[in-house]
Amino acid sequence: MPARKLLTATLLLGLSAPLWAAKRVDLDYQVRFVPDSGLAEVSLTLEQGDLIRSLTFDLGDKGYYSDFSAEGTWTQDSPERGTWQPGKGKSSLSYKVRIDHPRSNDKFDARMTADWALVRGDDLVPSAHLVKDDKVELVSRLQFELPKGWNGVETGWPKVGENKFRIDNPARKFDRPTGWILAGKIGSRRAQLGDTDVTVAAPVGEGMRRMDVLTLLTFIWPEAQSVFPRDPGKLLIVGAGDPMWRGGLSAPNSIFFHAERPLVSENGTSSLVHELVHVFSRIRDTDNSDWISEGLAEYYAIELVRRAGGMSEDRYQAIRKKLLNWSKKVESLRTEASTGPVTARAVLLMQELDREIRKNTDNQRSLDDVTRGLMRMDKASTKDFIEISENVMGRGSEVLDSKLLR
């Protein structure tokens with residue numbers, strides 16, 4: 001292109017850019033923990049409220065949210081639903097959130113004491129339907145005000161200041177601080193694993209084996225990277241002892257892991273690695289196919305440790321025998337919520353499928369290829385699993401021609 005035409009095109013592009021460029025609007029979340037009341041005081045502040053038409057929040061049916069106050073208008077048609085229409089200029093919405101979430105057997109999956117709070121950001125800021133102009137882009141930040149004596153806060157989001165984090169999820173129009181959050185008198189250990197900043201944190205005195213967790217993750221991380229072409233920029237693992245729920249719970253950028261849970265259990269699997277697989281894969285299922293996401297997480301909880309050299313062949317076969325005994329009464333994998341025996345039978349099917357794929361492709365393909373195909377889907381059904389597997393193998397599957405999947 002001649003120099004004069006190139007200059008003209010460049011000038012025109014520069015002049016037109018403001019016409020299509022997104023209008024960036026600051027959204028600041030402020031969270032103040034109040035241990036004496038068991039509540040967190042939360043506020044959302046929009047720098048230019050008139051550029052946002054409305055936010056309609058799903059408040060659930062547990063009564064966790066109260067005392068709403070808004071600049072603009074707040075309308076609540078029912079206890080489960082409320083809509084904020086921001087005012088002009090700088091505009092805020094504030095409310096209170098009850099932190100403790102009791103489960104069965106007097107256990108909790110969110111809790112606040114005088115010394116710490118462990119909660120999911122999803123609960124501090126409920127999901128919402130955002131109505132805005134397509135050209136408006138939110139720039140979200142999360143700031144904490146901690147009680148006297150609390151020394152820090154950890155989230156799965158990048159830190160941009162003291163107790164301040166940048167919230168950016170390109171998959172969402174409404175950037176909210178999802179994932180686990182731990183604040184209080186806490187201790188943390190950090191490591192760089194691949195491209196991921198990993199932090200293991202727990203309240204002081206809760207017995208969390210932070211270095212043991214980092215050691216196991218360091219051990220299996222290269223094997224996880226070889227399977228899952230997706231490294232989170234940051235991963236937070238939090239834990240605490242009783243009366244927190246005695247298990248593991250994953251979020252897109254973080255994991256809760258009970259402080260007394262073994263890294264590798266007596267049956268040879270790892271709850272921690274199981275939850276890590278959920279974080280890496282983000283595979284979701286549909287059409288009574290929960291066996292897919294839960295089966296793959298448990299399959300790799302065994303397989304990644306095995307590939308890393310942490311399991312002998314004898315031990316591997318002993319684990320298979322336990323899975324067989326546990327799942328022998330399972331007649332179908334098709335269920336909305338996979339139970340332990342169903343997940344065990346799903347693992348056995350996946351092990352058989354992996355061997356079938358390797359055999360029919362001269363060891364050039366494996367279940368790893370199926371997993372990567374599933375990761376590209378929004379949600380996966382049993383039909384999708386079969387089609388991807390047979391496409392990877394280049395032929396029909398005898399393993400998947402099973403009444404378990406019908």
# chains A, B, ... in the order shown; residues from 1 in each chain; ligands from 1
>>> residues_around(residues="Ile52 of chain A", least_positions_apart="4", cutoff="7 Å", atoms="only C-alpha atoms", output="compact mmCIF listing (two decimals) with N, CA, C and O atoms, in the first residue's frame")
# COMPACT_ATOMS: atom_id res chain seq x y z
N PRO A 86 -29.37 1.18 39.32
CA PRO A 86 -28.47 2.20 39.88
C PRO A 86 -28.93 3.61 39.55
O PRO A 86 -29.60 3.85 38.54
N VAL A 131 -28.23 -6.19 32.93
CA VAL A 131 -28.73 -5.56 31.71
C VAL A 131 -27.95 -4.27 31.51
O VAL A 131 -27.96 -3.38 32.36
N LYS A 132 -27.23 -4.20 30.36
CA LYS A 132 -26.40 -3.04 30.07
C LYS A 132 -26.26 -2.91 28.56
O LYS A 132 -26.62 -3.81 27.80
>>> select_by_dssp(residues="segment 11-119 of chain A", states="alpha helix (DSSP H)", output="VMD selection string")
chain A and resid 11 to 20
>>> closest_atom_pairs(of="segment 118-190 of chain A", to="segment 197-214 of chain A", cutoff="12 Å", atoms="only C-alpha atoms", output="tab-separated table")
residue	atom	partner	partner_atom	distance
A:Leu118	CA	A:Pro203	CA	9.0
A:Trp150	CA	A:Pro203	CA	10.3
A:Asn151	CA	A:Pro203	CA	10.4
A:Gly152	CA	A:Pro203	CA	10.2
A:Val153	CA	A:Ala201	CA	9.3
A:Glu154	CA	A:Ala201	CA	7.5
A:Thr155	CA	A:Thr199	CA	9.1
A:Gly156	CA	A:Thr199	CA	8.6
A:Trp157	CA	A:Asp197	CA	10.3
A:Pro158	CA	A:Asp197	CA	9.4
A:Lys159	CA	A:Asp197	CA	11.4
A:Trp180	CA	A:Ala201	CA	10.9
A:Ile181	CA	A:Ala201	CA	9.9
A:Leu182	CA	A:Ala202	CA	7.5
A:Ala183	CA	A:Pro203	CA	8.1
A:Gly184	CA	A:Pro203	CA	7.0
A:Lys185	CA	A:Pro203	CA	5.8
A:Ile186	CA	A:Pro203	CA	4.1
A:Gly187	CA	A:Ala201	CA	5.7
A:Ser188	CA	A:Ala201	CA	4.2
A:Arg189	CA	A:Val200	CA	5.3
A:Arg190	CA	A:Thr199	CA	4.5
>>> write_last_selection(atoms="N, CA, C and O atoms", output="mmCIF file, in the first residue's frame")
data_model
loop_
_atom_site.group_PDB
_atom_site.id
_atom_site.type_symbol
_atom_site.label_atom_id
_atom_site.label_comp_id
_atom_site.auth_asym_id
_atom_site.auth_seq_id
_atom_site.Cartn_x
_atom_site.Cartn_y
_atom_site.Cartn_z
ATOM 1 N N LEU A 118 -14.177 -18.303 56.427
ATOM 2 C CA LEU A 118 -13.940 -19.144 55.256
ATOM 3 C C LEU A 118 -15.272 -19.253 54.513
ATOM 4 O O LEU A 118 -16.243 -19.805 55.039
ATOM 5 N N TRP A 150 -6.799 -9.429 62.577
ATOM 6 C CA TRP A 150 -6.731 -10.320 61.414
ATOM 7 C C TRP A 150 -5.584 -9.858 60.519
ATOM 8 O O TRP A 150 -5.442 -8.667 60.251
ATOM 9 N N ASN A 151 -4.777 -10.815 60.042
ATOM 10 C CA ASN A 151 -3.537 -10.414 59.361
ATOM 11 C C ASN A 151 -3.574 -10.521 57.849
ATOM 12 O O ASN A 151 -2.623 -10.129 57.175
ATOM 13 N N GLY A 152 -4.645 -11.074 57.257
ATOM 14 C CA GLY A 152 -4.632 -11.163 55.805
ATOM 15 C C GLY A 152 -5.845 -11.855 55.233
ATOM 16 O O GLY A 152 -6.722 -12.339 55.946
ATOM 17 N N VAL A 153 -5.878 -11.871 53.894
ATOM 18 C CA VAL A 153 -6.981 -12.496 53.169
ATOM 19 C C VAL A 153 -6.411 -13.125 51.904
ATOM 20 O O VAL A 153 -5.479 -12.592 51.291
ATOM 21 N N GLU A 154 -6.948 -14.274 51.519
ATOM 22 C CA GLU A 154 -6.531 -14.975 50.306
ATOM 23 C C GLU A 154 -7.755 -15.259 49.447
ATOM 24 O O GLU A 154 -8.807 -15.655 49.955
ATOM 25 N N THR A 155 -7.608 -15.046 48.130
ATOM 26 C CA THR A 155 -8.632 -15.420 47.155
ATOM 27 C C THR A 155 -7.933 -16.072 45.965
ATOM 28 O O THR A 155 -6.709 -16.081 45.874
ATOM 29 N N GLY A 156 -8.730 -16.581 45.041
ATOM 30 C CA GLY A 156 -8.170 -17.156 43.819
ATOM 31 C C GLY A 156 -7.957 -16.132 42.718
ATOM 32 O O GLY A 156 -7.658 -16.506 41.583
ATOM 33 N N TRP A 157 -8.066 -14.843 43.052
ATOM 34 C CA TRP A 157 -7.925 -13.771 42.062
ATOM 35 C C TRP A 157 -6.607 -13.026 42.247
ATOM 36 O O TRP A 157 -6.044 -13.011 43.343
ATOM 37 N N PRO A 158 -6.085 -12.378 41.207
ATOM 38 C CA PRO A 158 -4.817 -11.656 41.316
ATOM 39 C C PRO A 158 -4.904 -10.496 42.306
ATOM 40 O O PRO A 158 -5.882 -9.746 42.316
ATOM 41 N N LYS A 159 -3.862 -10.350 43.106
ATOM 42 C CA LYS A 159 -3.822 -9.281 44.089
ATOM 43 C C LYS A 159 -3.311 -7.999 43.441
ATOM 44 O O LYS A 159 -2.313 -8.009 42.719
ATOM 45 N N TRP A 180 -13.315 -19.676 46.519
ATOM 46 C CA TRP A 180 -13.104 -19.668 47.967
ATOM 47 C C TRP A 180 -12.350 -18.440 48.422
ATOM 48 O O TRP A 180 -11.437 -17.958 47.731
ATOM 49 N N ILE A 181 -12.713 -17.947 49.600
ATOM 50 C CA ILE A 181 -12.066 -16.794 50.224
ATOM 51 C C ILE A 181 -11.776 -17.152 51.678
ATOM 52 O O ILE A 181 -12.644 -17.672 52.383
ATOM 53 N N LEU A 182 -10.549 -16.882 52.109
ATOM 54 C CA LEU A 182 -10.157 -17.103 53.501
ATOM 55 C C LEU A 182 -9.567 -15.812 54.044
ATOM 56 O O LEU A 182 -8.666 -15.225 53.431
ATOM 57 N N ALA A 183 -10.070 -15.370 55.183
ATOM 58 C CA ALA A 183 -9.558 -14.152 55.817
ATOM 59 C C ALA A 183 -9.401 -14.388 57.310
ATOM 60 O O ALA A 183 -10.102 -15.209 57.894
ATOM 61 N N GLY A 184 -8.470 -13.669 57.929
ATOM 62 C CA GLY A 184 -8.310 -13.774 59.373
ATOM 63 C C GLY A 184 -6.875 -13.926 59.798
ATOM 64 O O GLY A 184 -5.949 -13.429 59.146
ATOM 65 N N LYS A 185 -6.675 -14.628 60.900
ATOM 66 C CA LYS A 185 -5.333 -14.965 61.376
ATOM 67 C C LYS A 185 -4.929 -16.240 60.658
ATOM 68 O O LYS A 185 -5.247 -17.354 61.091
ATOM 69 N N ILE A 186 -4.245 -16.077 59.525
ATOM 70 C CA ILE A 186 -3.999 -17.198 58.633
ATOM 71 C C ILE A 186 -2.517 -17.346 58.317
ATOM 72 O O ILE A 186 -1.726 -16.415 58.474
ATOM 73 N N GLY A 187 -2.155 -18.543 57.878
ATOM 74 C CA GLY A 187 -0.818 -18.834 57.392
ATOM 75 C C GLY A 187 -0.896 -19.349 55.975
ATOM 76 O O GLY A 187 -1.832 -20.080 55.623
ATOM 77 N N SER A 188 0.064 -18.966 55.134
ATOM 78 C CA SER A 188 0.036 -19.332 53.715
ATOM 79 C C SER A 188 1.397 -19.836 53.256
ATOM 80 O O SER A 188 2.436 -19.393 53.763
ATOM 81 N N ARG A 189 1.383 -20.748 52.302
ATOM 82 C CA ARG A 189 2.594 -21.213 51.614
ATOM 83 C C ARG A 189 2.338 -21.091 50.124
ATOM 84 O O ARG A 189 1.245 -21.361 49.655
ATOM 85 N N ARG A 190 3.378 -20.708 49.372
ATOM 86 C CA ARG A 190 3.202 -20.418 47.947
ATOM 87 C C ARG A 190 4.255 -21.132 47.101
ATOM 88 O O ARG A 190 5.360 -21.412 47.560
#
>>> residues_around(residues="segment 296-299 of chain A", least_positions_apart="2", cutoff="7 Å", atoms="only C-alpha atoms", output="PyMOL selection string")
chain A and resi 274+277-278+292-294+301-303+347
>>> residues_around(residues="Arg176 of chain A", least_positions_apart="5", cutoff="12 Å", atoms="only C-alpha atoms", output="mmCIF file with all heavy atoms, in the first residue's frame")
data_model
loop_
_atom_site.group_PDB
_atom_site.id
_atom_site.type_symbol
_atom_site.label_atom_id
_atom_site.label_comp_id
_atom_site.auth_asym_id
_atom_site.auth_seq_id
_atom_site.Cartn_x
_atom_site.Cartn_y
_atom_site.Cartn_z
ATOM 1 N N LEU A 27 -16.429 -1.125 38.829
ATOM 2 C CA LEU A 27 -17.325 -1.750 39.804
ATOM 3 C C LEU A 27 -16.462 -2.211 40.977
ATOM 4 O O LEU A 27 -15.606 -3.080 40.815
ATOM 5 C CB LEU A 27 -18.063 -2.945 39.198
ATOM 6 C CG LEU A 27 -18.849 -3.829 40.178
ATOM 7 C CD1 LEU A 27 -19.898 -3.019 40.920
ATOM 8 C CD2 LEU A 27 -19.487 -5.010 39.449
ATOM 9 N N ASP A 28 -16.670 -1.614 42.131
ATOM 10 C CA ASP A 28 -15.869 -1.932 43.313
ATOM 11 C C ASP A 28 -16.720 -2.639 44.360
ATOM 12 O O ASP A 28 -17.766 -2.128 44.782
ATOM 13 C CB ASP A 28 -15.256 -0.657 43.906
ATOM 14 C CG ASP A 28 -14.153 -0.097 43.024
ATOM 15 O OD1 ASP A 28 -13.123 -0.763 42.895
ATOM 16 O OD2 ASP A 28 -14.346 0.997 42.457
ATOM 17 N N TYR A 29 -16.246 -3.814 44.760
ATOM 18 C CA TYR A 29 -16.866 -4.563 45.853
ATOM 19 C C TYR A 29 -16.107 -4.274 47.143
ATOM 20 O O TYR A 29 -14.870 -4.322 47.161
ATOM 21 C CB TYR A 29 -16.797 -6.070 45.596
ATOM 22 C CG TYR A 29 -17.494 -6.546 44.351
ATOM 23 C CD1 TYR A 29 -16.779 -6.775 43.174
ATOM 24 C CD2 TYR A 29 -18.860 -6.807 44.348
ATOM 25 C CE1 TYR A 29 -17.403 -7.238 42.037
ATOM 26 C CE2 TYR A 29 -19.499 -7.272 43.209
ATOM 27 C CZ TYR A 29 -18.757 -7.488 42.056
ATOM 28 O OH TYR A 29 -19.378 -7.953 40.921
ATOM 29 N N GLN A 30 -16.826 -4.009 48.200
ATOM 30 C CA GLN A 30 -16.234 -3.794 49.520
ATOM 31 C C GLN A 30 -16.863 -4.799 50.477
ATOM 32 O O GLN A 30 -18.090 -4.899 50.573
ATOM 33 C CB GLN A 30 -16.498 -2.370 50.016
ATOM 34 C CG GLN A 30 -15.870 -2.041 51.358
ATOM 35 C CD GLN A 30 -14.400 -1.641 51.246
ATOM 36 O OE1 GLN A 30 -13.950 -1.284 50.172
ATOM 37 N NE2 GLN A 30 -13.666 -1.721 52.342
ATOM 38 N N LEU A 44 -21.590 -2.780 46.698
ATOM 39 C CA LEU A 44 -21.198 -2.706 45.292
ATOM 40 C C LEU A 44 -21.312 -1.251 44.876
ATOM 41 O O LEU A 44 -22.374 -0.646 45.047
ATOM 42 C CB LEU A 44 -22.118 -3.551 44.406
ATOM 43 C CG LEU A 44 -22.054 -5.072 44.440
ATOM 44 C CD1 LEU A 44 -22.482 -5.631 45.780
ATOM 45 C CD2 LEU A 44 -22.919 -5.648 43.332
ATOM 46 N N PHE A 57 -30.776 -9.989 41.154
ATOM 47 C CA PHE A 57 -30.013 -10.968 41.931
ATOM 48 C C PHE A 57 -30.868 -12.175 42.301
ATOM 49 O O PHE A 57 -32.041 -12.044 42.662
ATOM 50 C CB PHE A 57 -29.478 -10.325 43.220
ATOM 51 C CG PHE A 57 -28.448 -9.262 42.986
ATOM 52 C CD1 PHE A 57 -28.830 -7.938 42.809
ATOM 53 C CD2 PHE A 57 -27.097 -9.583 42.948
ATOM 54 C CE1 PHE A 57 -27.883 -6.957 42.594
ATOM 55 C CE2 PHE A 57 -26.144 -8.603 42.730
ATOM 56 C CZ PHE A 57 -26.531 -7.288 42.552
ATOM 57 N N ARG A 120 -17.331 -18.858 50.321
ATOM 58 C CA ARG A 120 -17.238 -18.715 48.871
ATOM 59 C C ARG A 120 -17.693 -17.318 48.462
ATOM 60 O O ARG A 120 -18.736 -16.832 48.930
ATOM 61 C CB ARG A 120 -18.087 -19.779 48.172
ATOM 62 C CG ARG A 120 -17.366 -21.107 48.021
ATOM 63 C CD ARG A 120 -18.268 -22.171 47.464
ATOM 64 N NE ARG A 120 -19.179 -22.664 48.482
ATOM 65 C CZ ARG A 120 -19.698 -23.894 48.467
ATOM 66 N NH1 ARG A 120 -19.393 -24.729 47.503
ATOM 67 N NH2 ARG A 120 -20.525 -24.276 49.422
ATOM 68 N N GLY A 121 -16.929 -16.706 47.564
ATOM 69 C CA GLY A 121 -17.323 -15.400 47.061
ATOM 70 C C GLY A 121 -18.670 -15.440 46.369
ATOM 71 O O GLY A 121 -19.396 -14.431 46.329
ATOM 72 N N ASP A 122 -19.031 -16.600 45.803
ATOM 73 C CA ASP A 122 -20.337 -16.764 45.175
ATOM 74 C C ASP A 122 -21.464 -16.428 46.140
ATOM 75 O O ASP A 122 -22.548 -15.993 45.718
ATOM 76 C CB ASP A 122 -20.528 -18.216 44.712
ATOM 77 C CG ASP A 122 -19.339 -18.780 43.981
ATOM 78 O OD1 ASP A 122 -18.212 -18.691 44.517
ATOM 79 O OD2 ASP A 122 -19.529 -19.335 42.891
ATOM 80 N N ASP A 123 -21.225 -16.655 47.445
ATOM 81 C CA ASP A 123 -22.247 -16.384 48.450
ATOM 82 C C ASP A 123 -22.185 -14.939 48.952
ATOM 83 O O ASP A 123 -23.197 -14.385 49.377
ATOM 84 C CB ASP A 123 -22.099 -17.347 49.627
ATOM 85 C CG ASP A 123 -22.344 -18.790 49.206
ATOM 86 O OD1 ASP A 123 -23.221 -19.018 48.351
ATOM 87 O OD2 ASP A 123 -21.649 -19.691 49.715
ATOM 88 N N LEU A 124 -20.997 -14.331 48.935
ATOM 89 C CA LEU A 124 -20.903 -12.920 49.321
ATOM 90 C C LEU A 124 -21.617 -12.041 48.305
ATOM 91 O O LEU A 124 -22.288 -11.067 48.662
ATOM 92 C CB LEU A 124 -19.434 -12.493 49.431
ATOM 93 C CG LEU A 124 -18.631 -13.068 50.592
ATOM 94 C CD1 LEU A 124 -17.188 -12.591 50.507
ATOM 95 C CD2 LEU A 124 -19.239 -12.692 51.940
ATOM 96 N N VAL A 125 -21.467 -12.382 47.024
ATOM 97 C CA VAL A 125 -22.139 -11.642 45.950
ATOM 98 C C VAL A 125 -22.928 -12.656 45.125
ATOM 99 O O VAL A 125 -22.354 -13.420 44.360
ATOM 100 C CB VAL A 125 -21.145 -10.904 45.046
ATOM 101 C CG1 VAL A 125 -21.897 -10.122 43.960
ATOM 102 C CG2 VAL A 125 -20.266 -9.965 45.866
ATOM 103 N N PRO A 126 -24.242 -12.712 45.292
ATOM 104 C CA PRO A 126 -25.030 -13.726 44.583
ATOM 105 C C PRO A 126 -25.029 -13.492 43.076
ATOM 106 O O PRO A 126 -24.731 -12.392 42.601
ATOM 107 C CB PRO A 126 -26.434 -13.557 45.178
ATOM 108 C CG PRO A 126 -26.476 -12.151 45.668
ATOM 109 C CD PRO A 126 -25.077 -11.835 46.131
ATOM 110 N N SER A 127 -25.353 -14.532 42.335
ATOM 111 C CA SER A 127 -25.418 -14.407 40.879
ATOM 112 C C SER A 127 -26.501 -13.406 40.494
ATOM 113 O O SER A 127 -27.481 -13.198 41.222
ATOM 114 C CB SER A 127 -25.695 -15.764 40.235
ATOM 115 O OG SER A 127 -26.946 -16.271 40.653
ATOM 116 N N ALA A 128 -26.296 -12.782 39.339
ATOM 117 C CA ALA A 128 -27.240 -11.733 38.923
ATOM 118 C C ALA A 128 -27.328 -11.675 37.413
ATOM 119 O O ALA A 128 -26.372 -11.992 36.700
ATOM 120 C CB ALA A 128 -26.802 -10.374 39.474
ATOM 121 N N HIS A 129 -28.491 -11.266 36.940
ATOM 122 C CA HIS A 129 -28.692 -10.993 35.514
ATOM 123 C C HIS A 129 -28.431 -9.507 35.285
ATOM 124 O O HIS A 129 -29.111 -8.652 35.858
ATOM 125 C CB HIS A 129 -30.100 -11.369 35.090
ATOM 126 C CG HIS A 129 -30.410 -11.016 33.666
ATOM 127 N ND1 HIS A 129 -29.786 -11.615 32.586
ATOM 128 C CD2 HIS A 129 -31.277 -10.099 33.140
ATOM 129 C CE1 HIS A 129 -30.248 -11.111 31.464
ATOM 130 N NE2 HIS A 129 -31.153 -10.178 31.778
ATOM 131 N N LEU A 130 -27.433 -9.214 34.475
ATOM 132 C CA LEU A 130 -27.008 -7.837 34.219
ATOM 133 C C LEU A 130 -27.589 -7.352 32.896
ATOM 134 O O LEU A 130 -27.460 -8.034 31.872
ATOM 135 C CB LEU A 130 -25.482 -7.771 34.181
ATOM 136 C CG LEU A 130 -24.835 -6.480 33.681
ATOM 137 C CD1 LEU A 130 -25.128 -5.328 34.627
ATOM 138 C CD2 LEU A 130 -23.326 -6.674 33.519
ATOM 139 N N LEU A 138 -17.460 -3.864 32.418
ATOM 140 C CA LEU A 138 -17.179 -3.635 33.830
ATOM 141 C C LEU A 138 -15.722 -3.936 34.150
ATOM 142 O O LEU A 138 -15.147 -4.908 33.657
ATOM 143 C CB LEU A 138 -18.077 -4.513 34.697
ATOM 144 C CG LEU A 138 -19.580 -4.219 34.633
ATOM 145 C CD1 LEU A 138 -20.339 -5.203 35.515
ATOM 146 C CD2 LEU A 138 -19.880 -2.790 35.061
ATOM 147 N N VAL A 139 -15.127 -3.099 34.981
ATOM 148 C CA VAL A 139 -13.776 -3.327 35.509
ATOM 149 C C VAL A 139 -13.944 -3.503 37.015
ATOM 150 O O VAL A 139 -14.184 -2.537 37.742
ATOM 151 C CB VAL A 139 -12.833 -2.149 35.187
ATOM 152 C CG1 VAL A 139 -11.444 -2.423 35.761
ATOM 153 C CG2 VAL A 139 -12.758 -1.924 33.684
ATOM 154 N N SER A 140 -13.839 -4.747 37.484
ATOM 155 C CA SER A 140 -14.242 -5.075 38.858
ATOM 156 C C SER A 140 -13.058 -5.316 39.773
ATOM 157 O O SER A 140 -12.076 -5.963 39.377
ATOM 158 C CB SER A 140 -15.149 -6.315 38.849
ATOM 159 O OG SER A 140 -16.270 -6.109 38.016
ATOM 160 N N ARG A 141 -13.184 -4.806 40.989
ATOM 161 C CA ARG A 141 -12.168 -5.005 42.021
ATOM 162 C C ARG A 141 -12.855 -5.368 43.333
ATOM 163 O O ARG A 141 -13.991 -4.951 43.579
ATOM 164 C CB ARG A 141 -11.307 -3.748 42.197
ATOM 165 C CG ARG A 141 -10.381 -3.468 41.021
ATOM 166 C CD ARG A 141 -9.740 -2.092 41.144
ATOM 167 N NE ARG A 141 -10.753 -1.050 41.003
ATOM 168 C CZ ARG A 141 -11.026 -0.447 39.857
ATOM 169 N NH1 ARG A 141 -10.381 -0.769 38.758
ATOM 170 N NH2 ARG A 141 -11.958 0.504 39.816
ATOM 171 N N LEU A 142 -12.152 -6.103 44.168
ATOM 172 C CA LEU A 142 -12.682 -6.581 45.446
ATOM 173 C C LEU A 142 -11.753 -6.135 46.569
ATOM 174 O O LEU A 142 -10.566 -6.461 46.563
ATOM 175 C CB LEU A 142 -12.787 -8.109 45.415
ATOM 176 C CG LEU A 142 -13.121 -8.841 46.714
ATOM 177 C CD1 LEU A 142 -14.527 -8.475 47.189
ATOM 178 C CD2 LEU A 142 -13.010 -10.351 46.506
ATOM 179 N N TRP A 157 -8.066 -14.843 43.052
ATOM 180 C CA TRP A 157 -7.925 -13.771 42.062
ATOM 181 C C TRP A 157 -6.607 -13.026 42.247
ATOM 182 O O TRP A 157 -6.044 -13.011 43.343
ATOM 183 C CB TRP A 157 -9.106 -12.793 42.190
ATOM 184 C CG TRP A 157 -10.416 -13.453 41.919
ATOM 185 C CD1 TRP A 157 -11.309 -13.914 42.851
ATOM 186 C CD2 TRP A 157 -10.966 -13.774 40.648
ATOM 187 N NE1 TRP A 157 -12.389 -14.487 42.232
ATOM 188 C CE2 TRP A 157 -12.211 -14.420 40.886
ATOM 189 C CE3 TRP A 157 -10.542 -13.574 39.331
ATOM 190 C CZ2 TRP A 157 -13.029 -14.861 39.843
ATOM 191 C CZ3 TRP A 157 -11.365 -14.022 38.300
ATOM 192 C CH2 TRP A 157 -12.588 -14.655 38.557
ATOM 193 N N PHE A 165 -8.182 -7.149 45.232
ATOM 194 C CA PHE A 165 -8.026 -8.121 44.160
ATOM 195 C C PHE A 165 -8.774 -7.663 42.907
ATOM 196 O O PHE A 165 -9.795 -6.985 42.990
ATOM 197 C CB PHE A 165 -8.563 -9.493 44.610
ATOM 198 C CG PHE A 165 -7.905 -10.018 45.854
ATOM 199 C CD1 PHE A 165 -8.365 -9.624 47.106
ATOM 200 C CD2 PHE A 165 -6.815 -10.861 45.779
ATOM 201 C CE1 PHE A 165 -7.758 -10.085 48.265
ATOM 202 C CE2 PHE A 165 -6.193 -11.324 46.928
ATOM 203 C CZ PHE A 165 -6.664 -10.934 48.170
ATOM 204 N N ARG A 166 -8.242 -8.059 41.763
ATOM 205 C CA ARG A 166 -8.874 -7.763 40.466
ATOM 206 C C ARG A 166 -9.735 -8.950 40.059
ATOM 207 O O ARG A 166 -9.265 -10.085 40.028
ATOM 208 C CB ARG A 166 -7.797 -7.510 39.407
ATOM 209 C CG ARG A 166 -8.342 -7.356 37.982
ATOM 210 C CD ARG A 166 -9.017 -6.022 37.772
ATOM 211 N NE ARG A 166 -9.240 -5.776 36.342
ATOM 212 C CZ ARG A 166 -10.392 -6.030 35.720
ATOM 213 N NH1 ARG A 166 -11.410 -6.531 36.390
ATOM 214 N NH2 ARG A 166 -10.527 -5.770 34.433
ATOM 215 N N ILE A 167 -11.003 -8.698 39.759
ATOM 216 C CA ILE A 167 -11.938 -9.742 39.362
ATOM 217 C C ILE A 167 -12.182 -9.618 37.861
ATOM 218 O O ILE A 167 -12.723 -8.605 37.407
ATOM 219 C CB ILE A 167 -13.280 -9.631 40.112
ATOM 220 C CG1 ILE A 167 -13.054 -9.468 41.622
ATOM 221 C CG2 ILE A 167 -14.152 -10.834 39.810
ATOM 222 C CD1 ILE A 167 -12.317 -10.609 42.265
ATOM 223 N N ASP A 168 -11.786 -10.629 37.098
ATOM 224 C CA ASP A 168 -11.942 -10.564 35.642
ATOM 225 C C ASP A 168 -12.257 -11.953 35.113
ATOM 226 O O ASP A 168 -11.408 -12.835 35.123
ATOM 227 C CB ASP A 168 -10.671 -10.022 34.992
ATOM 228 C CG ASP A 168 -10.834 -9.861 33.482
ATOM 229 O OD1 ASP A 168 -11.978 -9.807 33.023
ATOM 230 O OD2 ASP A 168 -9.808 -9.801 32.776
ATOM 231 N N ASN A 169 -13.483 -12.151 34.674
ATOM 232 C CA ASN A 169 -13.900 -13.422 34.088
ATOM 233 C C ASN A 169 -14.513 -13.137 32.725
ATOM 234 O O ASN A 169 -15.668 -12.718 32.636
ATOM 235 C CB ASN A 169 -14.905 -14.133 34.996
ATOM 236 C CG ASN A 169 -15.254 -15.524 34.485
ATOM 237 O OD1 ASN A 169 -14.969 -15.868 33.348
ATOM 238 N ND2 ASN A 169 -15.864 -16.322 35.329
ATOM 239 N N PRO A 170 -13.745 -13.350 31.632
ATOM 240 C CA PRO A 170 -14.247 -13.018 30.295
ATOM 241 C C PRO A 170 -15.512 -13.775 29.909
ATOM 242 O O PRO A 170 -16.249 -13.343 29.025
ATOM 243 C CB PRO A 170 -13.067 -13.418 29.384
ATOM 244 C CG PRO A 170 -11.865 -13.395 30.263
ATOM 245 C CD PRO A 170 -12.349 -13.825 31.607
ATOM 246 N N ALA A 171 -15.780 -14.899 30.569
ATOM 247 C CA ALA A 171 -16.970 -15.688 30.235
ATOM 248 C C ALA A 171 -18.246 -15.095 30.820
ATOM 249 O O ALA A 171 -19.342 -15.531 30.474
ATOM 250 C CB ALA A 171 -16.796 -17.130 30.716
#
>>> select_by_dssp(residues="segment 131-288 of chain A", states="strand (DSSP E or B)", output="ChimeraX atom specification")
/A:131-132,136-145,152-154,159-161,164-167,180-184,186-193,196-203,234-238,244,248-251,254-257,285
>>> residues_around(residues="Gly38 of chain A", least_positions_apart="6", cutoff="9 Å", atoms="only C-alpha atoms", output="list in words")
Val97, Arg98, Ile99, Asp100, Arg111, Met112 and Thr113 of chain A
>>> closest_residue(among="A:Trp221, A:Trp84, A:Trp291, A:Phe33", to="Ser54 of chain A", atoms="only C-alpha atoms")
A:Trp84
>>> closest_residue(among="A:Gly295, A:Gly49, A:Pro102, A:Pro35", to="Trp245 of chain A", atoms="only C-alpha atoms")
A:Pro102
>>> residues_around(residues="Thr286 of chain A", least_positions_apart="3", cutoff="6 Å", atoms="only C-alpha atoms", output="list in words")
Ser289, Ala380 and Ser381 of chain A
>>> write_last_selection(atoms="N, CA and C atoms", output="short mmCIF file (atom, residue, chain, number, x, y, z; two decimals), in the first residue's frame")
data_model
loop_
_atom_site.label_atom_id
_atom_site.label_comp_id
_atom_site.auth_asym_id
_atom_site.auth_seq_id
_atom_site.Cartn_x
_atom_site.Cartn_y
_atom_site.Cartn_z
N SER A 289 -25.92 -37.50 33.32
CA SER A 289 -24.57 -37.98 32.97
C SER A 289 -23.51 -37.48 33.94
N ALA A 380 -21.60 -31.87 28.64
CA ALA A 380 -21.43 -33.14 27.94
C ALA A 380 -22.48 -34.14 28.40
N SER A 381 -23.06 -34.86 27.45
CA SER A 381 -24.00 -35.93 27.74
C SER A 381 -23.32 -37.28 27.50
#
